Structures are given as C-alpha cells and as structure tokens.
$ cat work21.cif   # mmCIF, C-alpha atoms
data_query
loop_
_atom_site.label_atom_id
_atom_site.label_comp_id
_atom_site.auth_asym_id
_atom_site.auth_seq_id
_atom_site.Cartn_x
_atom_site.Cartn_y
_atom_site.Cartn_z
CA MET A 1 113.47 101.25 128.82
CA SER A 2 115.06 101.01 125.48
CA GLU A 3 113.22 104.17 124.48
CA LYS A 4 115.00 104.16 121.19
CA GLU A 5 113.66 100.73 120.42
CA ALA A 6 110.07 101.59 121.30
CA GLU A 7 110.32 104.77 119.26
CA GLU A 8 111.66 102.92 116.25
CA LEU A 9 109.11 100.16 116.50
CA LEU A 10 106.13 102.53 116.76
CA LEU A 11 107.39 104.64 113.88
CA GLU A 12 107.95 101.60 111.68
CA LEU A 13 104.52 100.23 112.56
CA LYS A 14 102.83 103.50 111.71
CA GLU A 15 104.62 103.94 108.40
CA LYS A 16 104.15 100.36 107.28
CA ALA A 17 100.43 100.46 108.09
CA GLU A 18 100.00 103.65 106.07
CA LEU A 19 102.03 102.26 103.18
CA MET A 20 99.76 99.21 103.23
CA VAL A 21 96.65 101.36 102.87
CA ASP A 22 98.17 103.20 99.90
CA LEU A 23 99.30 99.99 98.24
CA ALA A 24 95.93 98.37 98.86
CA TYR A 25 94.05 101.18 97.12
CA SER A 26 96.56 101.10 94.27
CA SER A 27 96.07 97.36 93.86
CA VAL A 28 92.30 97.80 93.55
CA LEU A 29 92.58 100.78 91.21
CA TYR A 30 95.06 99.19 88.85
CA ASP A 31 93.69 95.67 89.22
CA ASN A 32 97.15 94.55 90.30
CA LYS A 33 97.42 91.30 92.26
CA GLU A 34 101.17 91.60 92.88
CA ILE A 35 100.69 94.76 94.90
CA ALA A 36 97.78 93.15 96.74
CA GLU A 37 100.02 90.21 97.66
CA GLU A 38 102.68 92.57 98.97
CA VAL A 39 100.02 94.02 101.27
CA TYR A 40 99.40 90.52 102.63
CA GLU A 41 103.09 90.01 103.27
CA LEU A 42 103.43 93.35 105.00
CA GLU A 43 100.55 92.41 107.27
CA ASP A 44 102.50 89.49 108.74
CA PHE A 45 105.44 91.81 109.25
CA VAL A 46 103.26 94.39 111.00
CA ASP A 47 101.76 91.73 113.28
CA ALA A 48 105.24 90.65 114.34
CA LEU A 49 106.34 94.25 114.93
CA ASN A 50 103.31 94.94 117.09
CA GLU A 51 103.90 91.82 119.17
CA GLU A 52 107.47 92.92 119.76
CA LEU A 53 106.33 96.42 120.74
CA GLN A 54 103.77 95.09 123.21
CA LYS A 55 106.32 92.83 124.87
CA LEU A 56 108.72 95.73 125.21
CA ALA A 57 106.04 97.94 126.76
CA ILE A 58 105.03 95.29 129.29
CA LYS A 59 108.65 94.59 130.18
CA ASP A 60 109.28 98.29 130.78
CA VAL A 61 106.19 98.69 132.93
CA LYS A 62 107.29 95.69 134.97
CA SER A 63 110.77 97.09 135.48
CA GLY A 64 109.32 100.49 136.44
CA GLU A 65 110.91 102.31 133.54
CA LEU A 66 107.48 103.23 132.21
CA GLU A 67 104.38 104.34 134.06
CA LEU A 68 101.47 101.96 133.69
CA ASN A 69 99.42 104.39 131.61
CA GLU A 70 102.41 105.18 129.40
CA GLY A 71 102.77 101.49 128.71
CA LEU A 72 99.06 101.26 127.91
CA ALA A 73 99.29 104.24 125.56
CA ILE A 74 102.11 102.55 123.66
CA ILE A 75 100.14 99.34 123.37
CA GLN A 76 97.07 101.23 122.19
CA LEU A 77 98.95 103.23 119.54
CA GLY A 78 100.55 100.01 118.28
CA SER A 79 97.18 98.28 118.14
CA CYS A 80 95.72 101.16 116.15
CA SER A 81 98.41 100.78 113.52
CA GLU A 82 97.73 97.07 113.40
CA ALA A 83 94.00 97.73 112.96
CA ILE A 84 94.79 100.04 110.05
CA ALA A 85 97.03 97.33 108.57
CA ASP A 86 94.19 94.81 108.90
CA ALA A 87 91.86 97.18 107.07
CA ALA A 88 94.44 97.54 104.31
CA ARG A 89 94.63 93.76 103.98
CA ASP A 90 90.86 93.61 103.63
CA ILE A 91 91.01 96.21 100.86
CA ALA A 92 93.69 94.13 99.09
CA ASP A 93 91.42 91.14 99.57
CA VAL A 94 88.82 92.81 97.35
CA GLU A 95 91.46 92.76 94.59
CA LEU A 96 92.58 89.19 95.28
CA ARG A 97 89.04 87.82 95.26
CA ASP A 98 88.85 88.72 91.60
CA VAL A 99 85.88 91.00 91.91
CA GLU A 100 85.68 93.26 88.92
CA LEU A 101 84.96 96.60 90.54
CA HIS A 102 82.27 98.68 88.98
CA PRO A 103 84.08 101.47 87.08
CA VAL A 104 82.07 104.03 88.99
CA LEU A 105 83.41 102.67 92.27
CA ARG A 106 86.94 102.70 90.95
CA GLU A 107 86.46 106.33 90.01
CA SER A 108 85.24 107.10 93.50
CA ILE A 109 88.72 106.20 94.77
CA MET A 110 90.32 108.24 91.99
CA GLU A 111 88.24 111.30 92.73
CA ALA A 112 89.43 111.81 96.25
CA ASP A 113 91.69 114.76 97.03
CA GLU A 114 94.51 112.32 97.47
CA VAL A 115 95.07 110.62 94.16
CA PHE A 116 96.90 107.53 93.00
CA VAL A 117 98.86 107.65 89.80
CA ARG A 118 100.72 105.08 87.73
CA VAL A 119 103.16 106.36 85.11
CA ARG A 120 106.11 105.02 83.08
CA VAL A 121 109.31 107.09 83.10
CA ALA A 122 110.42 108.16 79.62
CA GLU A 123 114.05 108.19 78.50
CA ASP A 124 113.99 111.95 78.08
CA SER A 125 112.27 112.62 81.41
CA VAL A 126 114.11 115.04 83.69
CA LEU A 127 113.58 112.47 86.45
CA THR A 128 115.64 109.78 84.67
CA ASP A 129 118.88 108.85 86.45
CA LYS A 130 118.17 111.22 89.35
CA SER A 131 117.54 110.18 92.92
CA ILE A 132 114.16 110.86 94.51
CA GLY A 133 115.79 113.20 97.04
CA GLU A 134 117.78 115.04 94.38
CA VAL A 135 114.67 116.11 92.46
CA LYS A 136 112.76 116.88 95.69
CA LEU A 137 109.81 115.13 94.14
CA ALA A 138 107.44 115.42 97.09
CA SER A 139 107.90 119.10 97.83
CA LYS A 140 108.08 120.14 94.17
CA THR A 141 105.10 118.20 92.88
CA GLY A 142 103.11 117.08 95.91
CA MET A 143 103.44 113.46 94.75
CA TRP A 144 105.45 110.65 96.25
CA ILE A 145 106.40 107.19 95.11
CA ILE A 146 104.96 104.25 97.00
CA ALA A 147 106.24 101.54 94.67
CA ILE A 148 108.38 101.10 91.56
CA LYS A 149 108.13 98.25 89.08
CA ARG A 150 111.53 97.88 87.42
CA ASN A 151 112.38 95.09 84.98
CA GLY A 152 109.60 92.93 86.37
CA LYS A 153 110.74 93.42 89.98
CA TRP A 154 109.13 95.51 92.68
CA ILE A 155 110.64 98.11 94.95
CA TYR A 156 108.26 99.18 97.70
CA ASP A 157 108.48 102.43 99.65
CA PRO A 158 111.76 103.58 98.04
CA ASN A 159 113.89 105.97 100.07
CA LYS A 160 115.31 109.30 98.88
CA TYR A 161 118.54 107.74 97.66
CA MET A 162 116.76 105.52 95.14
CA LYS A 163 117.49 106.51 91.53
CA ILE A 164 114.62 106.80 89.09
CA MET A 165 115.41 104.94 85.87
CA GLU A 166 114.08 104.98 82.33
CA GLY A 167 111.24 102.51 81.96
CA ASP A 168 110.40 102.47 85.67
CA VAL A 169 106.69 102.23 86.32
CA LEU A 170 106.04 104.52 89.26
CA PHE A 171 103.03 103.99 91.53
CA CYS A 172 102.49 107.26 93.34
CA LYS A 173 100.22 108.96 95.76
CA GLY A 174 99.73 112.66 96.15
CA THR A 175 97.57 115.68 95.75
CA ARG A 176 95.24 116.22 92.83
CA GLU A 177 96.78 119.59 91.95
CA GLY A 178 100.28 118.16 91.56
CA MET A 179 99.27 115.14 89.51
CA GLU A 180 99.36 116.53 85.98
CA HIS A 181 102.68 118.29 86.43
CA PHE A 182 104.16 115.09 87.82
CA ILE A 183 102.87 112.95 84.95
CA ALA A 184 104.21 115.45 82.41
CA LEU A 185 107.62 115.35 84.09
CA ALA A 186 107.73 111.54 84.04
CA LYS A 187 106.68 111.42 80.39
CA GLY A 188 109.31 113.98 79.43
CA GLU A 189 106.70 116.48 78.29
CA GLU A 190 107.73 119.06 80.87
CA LYS A 191 111.33 119.77 81.74
CA GLU A 192 111.11 122.11 84.69
CA ILE A 193 110.48 120.39 87.99
CA MET B 194 71.46 101.38 91.32
CA SER B 195 72.09 104.91 92.22
CA GLU B 196 75.70 104.47 91.17
CA LYS B 197 76.30 108.10 91.84
CA GLU B 198 75.15 107.73 95.40
CA ALA B 199 77.31 104.68 96.10
CA GLU B 200 80.29 106.43 94.55
CA GLU B 201 79.77 109.52 96.62
CA LEU B 202 79.23 107.61 99.83
CA LEU B 203 82.36 105.47 99.40
CA LEU B 204 84.47 108.49 98.53
CA GLU B 205 83.18 110.43 101.51
CA LEU B 206 83.77 107.47 103.82
CA LYS B 207 87.33 107.04 102.61
CA GLU B 208 88.20 110.71 102.91
CA LYS B 209 86.63 111.15 106.31
CA ALA B 210 88.41 108.08 107.68
CA GLU B 211 91.76 109.36 106.46
CA LEU B 212 91.10 112.83 107.82
CA MET B 213 90.29 111.22 111.17
CA VAL B 214 93.66 109.45 111.26
CA ASP B 215 95.48 112.70 110.51
CA LEU B 216 93.49 114.64 113.11
CA ALA B 217 94.01 111.89 115.66
CA TYR B 218 97.79 111.97 115.30
CA SER B 219 97.72 115.78 115.47
CA SER B 220 95.69 115.66 118.65
CA VAL B 221 98.25 113.38 120.31
CA LEU B 222 101.22 115.38 119.05
CA TYR B 223 99.90 118.76 120.11
CA ASP B 224 98.13 117.50 123.21
CA ASN B 225 94.91 118.96 121.85
CA LYS B 226 91.64 117.63 123.22
CA GLU B 227 89.44 119.68 120.90
CA ILE B 228 90.85 117.93 117.86
CA ALA B 229 90.50 114.58 119.62
CA GLU B 230 86.84 115.33 120.28
CA GLU B 231 86.28 116.20 116.64
CA VAL B 232 87.63 112.74 115.80
CA TYR B 233 84.97 111.23 118.07
CA GLU B 234 82.24 113.22 116.36
CA LEU B 235 83.43 112.23 112.93
CA GLU B 236 83.31 108.61 113.99
CA ASP B 237 79.55 108.75 114.52
CA PHE B 238 79.21 110.38 111.13
CA VAL B 239 81.32 107.66 109.47
CA ASP B 240 79.26 104.92 111.15
CA ALA B 241 76.07 106.44 109.77
CA LEU B 242 77.57 106.80 106.29
CA ASN B 243 78.69 103.19 106.28
CA GLU B 244 75.28 101.96 107.35
CA GLU B 245 73.70 103.91 104.52
CA LEU B 246 76.20 102.49 102.02
CA GLN B 247 75.56 98.93 103.14
CA LYS B 248 71.80 99.33 102.83
CA LEU B 249 72.23 100.74 99.34
CA ALA B 250 74.47 97.84 98.31
CA ILE B 251 72.04 95.22 99.61
CA LYS B 252 69.10 96.95 97.95
CA ASP B 253 70.91 97.00 94.62
CA VAL B 254 71.89 93.34 94.86
CA LYS B 255 68.27 92.48 95.61
CA SER B 256 66.99 94.44 92.64
CA GLY B 257 69.61 92.82 90.39
CA GLU B 258 71.34 96.10 89.58
CA LEU B 259 74.55 94.85 91.19
CA GLU B 260 76.13 91.41 91.02
CA LEU B 261 76.37 89.71 94.38
CA ASN B 262 80.15 89.94 94.51
CA GLU B 263 80.06 93.59 93.47
CA GLY B 264 77.74 94.27 96.35
CA LEU B 265 80.06 92.40 98.70
CA ALA B 266 83.05 94.38 97.44
CA ILE B 267 81.28 97.65 98.18
CA ILE B 268 80.38 96.47 101.66
CA GLN B 269 83.95 95.35 102.29
CA LEU B 270 85.49 98.63 101.11
CA GLY B 271 83.08 100.56 103.29
CA SER B 272 83.87 98.38 106.29
CA CYS B 273 87.59 98.95 105.77
CA SER B 274 87.10 102.69 105.95
CA GLU B 275 85.06 102.25 109.09
CA ALA B 276 87.82 100.11 110.62
CA ILE B 277 90.33 102.84 109.85
CA ALA B 278 87.97 105.38 111.44
CA ASP B 279 87.73 103.18 114.54
CA ALA B 280 91.52 103.04 114.77
CA ALA B 281 91.64 106.82 114.51
CA ARG B 282 89.14 107.12 117.37
CA ASP B 283 91.35 104.85 119.48
CA ILE B 284 94.35 107.07 118.76
CA ALA B 285 92.32 110.12 119.80
CA ASP B 286 91.35 108.18 122.90
CA VAL B 287 95.01 108.13 123.96
CA GLU B 288 94.84 111.93 123.96
CA LEU B 289 91.48 112.10 125.76
CA ARG B 290 92.56 109.70 128.49
CA ASP B 291 95.05 112.31 129.60
CA VAL B 292 98.09 110.15 129.23
CA GLU B 293 101.19 112.29 129.03
CA LEU B 294 103.02 110.67 126.15
CA HIS B 295 106.68 110.05 126.64
CA PRO B 296 108.47 112.75 124.56
CA VAL B 297 110.38 110.03 122.75
CA LEU B 298 107.12 108.48 121.61
CA ARG B 299 105.80 111.82 120.48
CA GLU B 300 108.96 112.26 118.45
CA SER B 301 108.46 108.88 116.88
CA ILE B 302 105.30 110.24 115.27
CA MET B 303 107.12 113.42 114.26
CA GLU B 304 109.98 111.56 112.64
CA ALA B 305 107.92 109.74 110.06
CA ASP B 306 108.28 110.75 106.42
CA GLU B 307 104.84 112.25 106.68
CA VAL B 308 104.98 115.04 109.20
CA PHE B 309 102.44 117.07 111.13
CA VAL B 310 103.00 120.77 111.58
CA ARG B 311 101.23 123.49 113.54
CA VAL B 312 101.99 127.09 112.65
CA ARG B 313 100.43 130.53 113.13
CA VAL B 314 100.02 132.72 110.04
CA ALA B 315 101.79 136.07 110.35
CA GLU B 316 100.35 139.33 109.09
CA ASP B 317 103.11 139.70 106.54
CA SER B 318 102.91 136.11 105.32
CA VAL B 319 102.40 135.71 101.57
CA LEU B 320 99.62 133.25 102.45
CA THR B 321 97.53 135.87 104.25
CA ASP B 322 94.23 136.70 102.52
CA LYS B 323 94.82 134.14 99.77
CA SER B 324 92.74 131.03 99.17
CA ILE B 325 94.32 127.61 99.57
CA GLY B 326 93.75 126.89 95.88
CA GLU B 327 95.17 130.23 94.79
CA VAL B 328 98.56 129.61 96.42
CA LYS B 329 98.58 125.95 95.27
CA LEU B 330 99.81 125.07 98.71
CA ALA B 331 99.90 121.30 98.29
CA SER B 332 101.74 121.15 94.99
CA LYS B 333 104.11 124.00 95.83
CA THR B 334 105.09 122.91 99.32
CA GLY B 335 104.00 119.30 99.71
CA MET B 336 101.92 120.29 102.76
CA TRP B 337 98.17 120.48 103.16
CA ILE B 338 95.88 121.87 105.79
CA ILE B 339 93.78 119.43 107.78
CA ALA B 340 92.39 121.96 110.25
CA ILE B 341 92.41 125.68 110.98
CA LYS B 342 91.84 127.30 114.35
CA ARG B 343 90.48 130.80 113.77
CA ASN B 344 89.30 133.11 116.55
CA GLY B 345 88.72 130.16 118.83
CA LYS B 346 86.68 128.26 116.23
CA TRP B 347 87.69 125.22 114.20
CA ILE B 348 87.49 124.62 110.49
CA TYR B 349 88.19 121.00 109.59
CA ASP B 350 89.32 119.78 106.17
CA PRO B 351 89.04 123.20 104.48
CA ASN B 352 88.47 123.19 100.73
CA LYS B 353 90.50 125.10 98.16
CA TYR B 354 88.22 128.15 98.28
CA MET B 355 88.96 128.75 101.95
CA LYS B 356 90.96 131.94 102.55
CA ILE B 357 93.95 131.84 104.88
CA MET B 358 93.82 134.71 107.37
CA GLU B 359 96.29 136.45 109.64
CA GLY B 360 96.41 134.75 113.02
CA ASP B 361 95.05 131.43 111.73
CA VAL B 362 96.65 128.47 113.40
CA LEU B 363 97.13 125.90 110.66
CA PHE B 364 97.36 122.20 111.46
CA CYS B 365 98.98 120.56 108.46
CA LYS B 366 100.21 117.28 107.17
CA GLY B 367 102.80 116.76 104.51
CA THR B 368 106.23 115.66 103.50
CA ARG B 369 109.30 116.27 105.60
CA GLU B 370 111.14 118.06 102.78
CA GLY B 371 108.42 120.67 102.31
CA MET B 372 107.95 121.42 105.98
CA GLU B 373 110.53 124.14 106.57
CA HIS B 374 109.65 126.08 103.45
CA PHE B 375 105.99 125.96 104.44
CA ILE B 376 106.67 127.17 107.99
CA ALA B 377 108.83 130.01 106.69
CA LEU B 378 106.03 131.06 104.31
CA ALA B 379 103.45 131.08 107.09
CA LYS B 380 105.71 133.07 109.39
CA GLY B 381 106.43 135.60 106.67
CA GLU B 382 110.13 134.76 106.62
CA GLU B 383 110.05 133.60 103.01
CA LYS B 384 108.08 135.38 100.35
CA GLU B 385 108.36 133.12 97.34
CA ILE B 386 105.94 130.20 97.36
#
$ encode --input "work21.cif" --output "structure tokens"
Amino acid sequence: MSEKEAEELLLELKEKAELMVDLAYSSVLYDNKEIAEEVYELEDFVDALNEELQKLAIKDVKSGELELNEGLAIIQLGSCSEAIADAARDIADVELRDVELHPVLRESIMEADEVFVRVRVAEDSVLTDKSIGEVKLASKTGMWIIAIKRNGKWIYDPNKYMKIMEGDVLFCKGTREGMEHFIALAKGEEKEI
Amino acid sequence: MSEKEAEELLLELKEKAELMVDLAYSSVLYDNKEIAEEVYELEDFVDALNEELQKLAIKDVKSGELELNEGLAIIQLGSCSEAIADAARDIADVELRDVELHPVLRESIMEADEVFVRVRVAEDSVLTDKSIGEVKLASKTGMWIIAIKRNGKWIYDPNKYMKIMEGDVLFCKGTREGMEHFIALAKGEEKEI
C-alpha cells in the first residue's frame, strides 16, 4: 500500500480532530463565533480526509497489501478521529446557537488542568518578532498556540516557523502551572523565557 | 440549581474524556492491554457522570433555576464529552482486539506534535522522590504524566502531590520539543530540570 499516504492521512486526521476540540472550547470560553465557524469548516475537511483514508484501506485490503484486520484497524482509528471531530463541532454549536453560558459553567472549563488562555502580545514582549520554535514556547512554558488573530485575520494551528508579532492575539492551550509565566512573557512583564 | 455540582460534573466529564483519549492512544502505541482496559472502565464511569449531569440540568430547568437553552447547552456539552469518551473506547478496542498495528501506523501516532512517551525512572534521576508539583514537570518540560506503573500497580492521572519513585514507569503526553529533555531527566542523564 501507499503506507506513507495512510500514515499521513491518519496523522492529519488525529491532529485536526484534536485542534477542533481545543478551538471549540476556546470559542465557548471567549464567546467567539469566528473560531466556532472555523471548527465547522474543519469538520468538512476531516470528513473528506476520513473518506479518503477508508478508501485507501479498502483498496489495500483488496490488493492484499494489508491484512483484513489491519485494514479494519485503520478504518476504526480514522472513525474515532471523526467522532471526536463531530463532538468538537457540537461544542462549537453551543457557541453558535447564541446561548449565553452560565459563568459558573464557563469557569468549569477554565478550571481544568489544561487551560485555555487568550493574550495580546506587547511591543516589548520577549516573544515579539521571534518564531514559535525559536523561543521553544511549548517546552519552556507548557503552553502552545492553537490560533493567532493578527490584523483581523486568523492563523490556525501555526507551525514552529511562524513569527509572533506585536499586537497578535494568541489563543493558547496548556498546563495551569505554565499559564502565568506565559501571560507575563506575552505582556512584556517578564523577560526571561 | 446546585451550580457547584453542575460545574464539578462537567469539569470531571471533560477531564476524564480527555484522559481516556490519551490513555487509549498510549495503549495502542505500547501494545498495552491493561491501559486499554482502564479506558473501558472509565467509560462506564463517564456514562454515569453524564446521566447524573443530564438529570441535574433537567431538574433545574423544571424548577426555573436554569433557562431552557442553558439547560440544553449543559446537556450538549456533557454529551460531547461522552462522545469523545466513546471514541476513546473505540481506540482502546483496536488494542484489545489484538490487531498488530502496522509499524508505520504506530509511527503516525508518534509523529504528531503531541507525543506519547514511556520511560522508567532511574535511581539517580533528579525526579526520584520528588512530587510532580515540586519539580514543575509540565511547565519545565512540556510533558505530563497520564499514568504510572509502580510495582505492578497502576496510578492513573496522578495529581501534583504524587511522588515519583525509582523504578516507576511513567506514561506521559506532551510536546515533541520537551520529550528528549524529559527522557534524559528520568533516566538520570540530565540533572537540571
């Protein structure tokens, strides 16, 4: 089979589904319909990816390049990612249906061990004009960027080469213990990463 | 309503569902049926939690303490977590059905930005005899522990007061960039956290 293709498809499915869950919670927390709409768009993309993966798996079972139960495992793993993506869309739907969440419920999402943070990057932040990989954001602070709002435009799931710019609004996910340090860095209040 | 209760239930649902996804991927990666079985047990727990949450929401709508659409939002958020938990169970099912995953597929899970790591703690590791909170593992390395195997027993989702002990096998999730540093710390090869 085109193992490479199956590998890439499964990986992309898994990552997109997880990104969708993070974005969906962010959209609810920050009452942000644009993020919620991105979740909807990603869902169509994920559906298409999964269809492609399933066809590949069936083709490879047919040609004998995959055992039957290997093919089934691939299809099941793909379907799980799609189920997670569907759940993310339903979370985003809570935001899009204009339900004002009870503040206590909003807090319940905030109080998890994994937290969501939104912060604007200050001019004098040590992060300004550096790439995400350069500052080793994730391993130094335990936080990573799931979306950036820059000059009214959105960048979702930025890679490590993406530069952080002054005025960027960063939507991040991470661990509770790294949150305050990260916010202080973005605001320019702390200089040592 | 017992806002506190609804808050706690939703938070617990969300966290347990996410833990289940992490454990499920670990079980597939490390071909570990015990972890996969824990996922199954957690699923029953999540189902019960969700049922409790739904009853609470309906009761509070009936008594007028919640608006109808607030109640529906709570039910929808709870159902999303349950759907994610179901997907996790299906991933664990791939492991329990004894399908030998194609190594390329296993790698596809390993190559995501979020990685899973399994490592044994050495006697001379700086982590030995320290609590998870004390070493600030998550914010210092970008990795966190989802399960510990200690003397043949399992500890799932340990809190920050849990001490890391020599010989512990740590199952962790985290960012790719923090992985090597973390492994070196656990093995005692690096001493500075």
$ interface_residues --input "work21.cif" --of "chain A" --to "chain B" --cutoff "7 Å" --atoms "all atoms listed in the file" --output "MDAnalysis selection string"
chainID A and resid 3 7:8 10:11 15 69:70 73 77 80 83:84 87 90:91 94 99 101 104:105 108:109 112 138:142 175 177:178
$ resolve_selection --input "work21.cif" --expression "the PyMOL selection byres ((chain A and resi 34-38) around 12)" --output "MDAnalysis selection string"
chainID A and resid 16 19:33 39:45 88:98 146:149 152:157 171
$ atom_distance --input "work21.cif" --atom1 "atom CA of Arg120 of chain A" --atom2 "atom CA of Gly167 of chain A"
5.8 Å
$ atom_distance --input "work21.cif" --atom1 "atom CA of Asp317 of chain B" --atom2 "atom CA of Glu192 of chain A"
29.2 Å
$ residues_around --input "work21.cif" --residues "Gly381 of chain B" --least-positions-apart "5" --cutoff "9 Å" --atoms "all atoms listed in the file" --output "ChimeraX atom specification"
/B:314-320,376
$ atom_distance --input "work21.cif" --atom1 "atom CA of Ile164 of chain A" --atom2 "atom CA of Ser131 of chain A"
5.9 Å
$ residues_around --input "work21.cif" --residues "Asp129 of chain A" --least-positions-apart "5" --cutoff "9 Å" --atoms "all atoms listed in the file" --output "PyMOL selection string"
chain A and resi 163-166
$ write_last_selection --input "work21.cif" --atoms "C-alpha atoms" --output "PDB file, in the frame of the given file"
ATOM      1  CA  LYS A 163     117.490 106.510  91.530  1.00  0.00           C
ATOM      2  CA  ILE A 164     114.620 106.800  89.090  1.00  0.00           C
ATOM      3  CA  MET A 165     115.410 104.940  85.870  1.00  0.00           C
ATOM      4  CA  GLU A 166     114.080 104.980  82.330  1.00  0.00           C
TER       5      GLU A 166
END
$ closest_residue --input "work21.cif" --among "A:Val169, A:Val61, A:Leu13, A:Ile75" --to "Thr128 of chain A" --atoms "all atoms listed in the file"
A:Val169
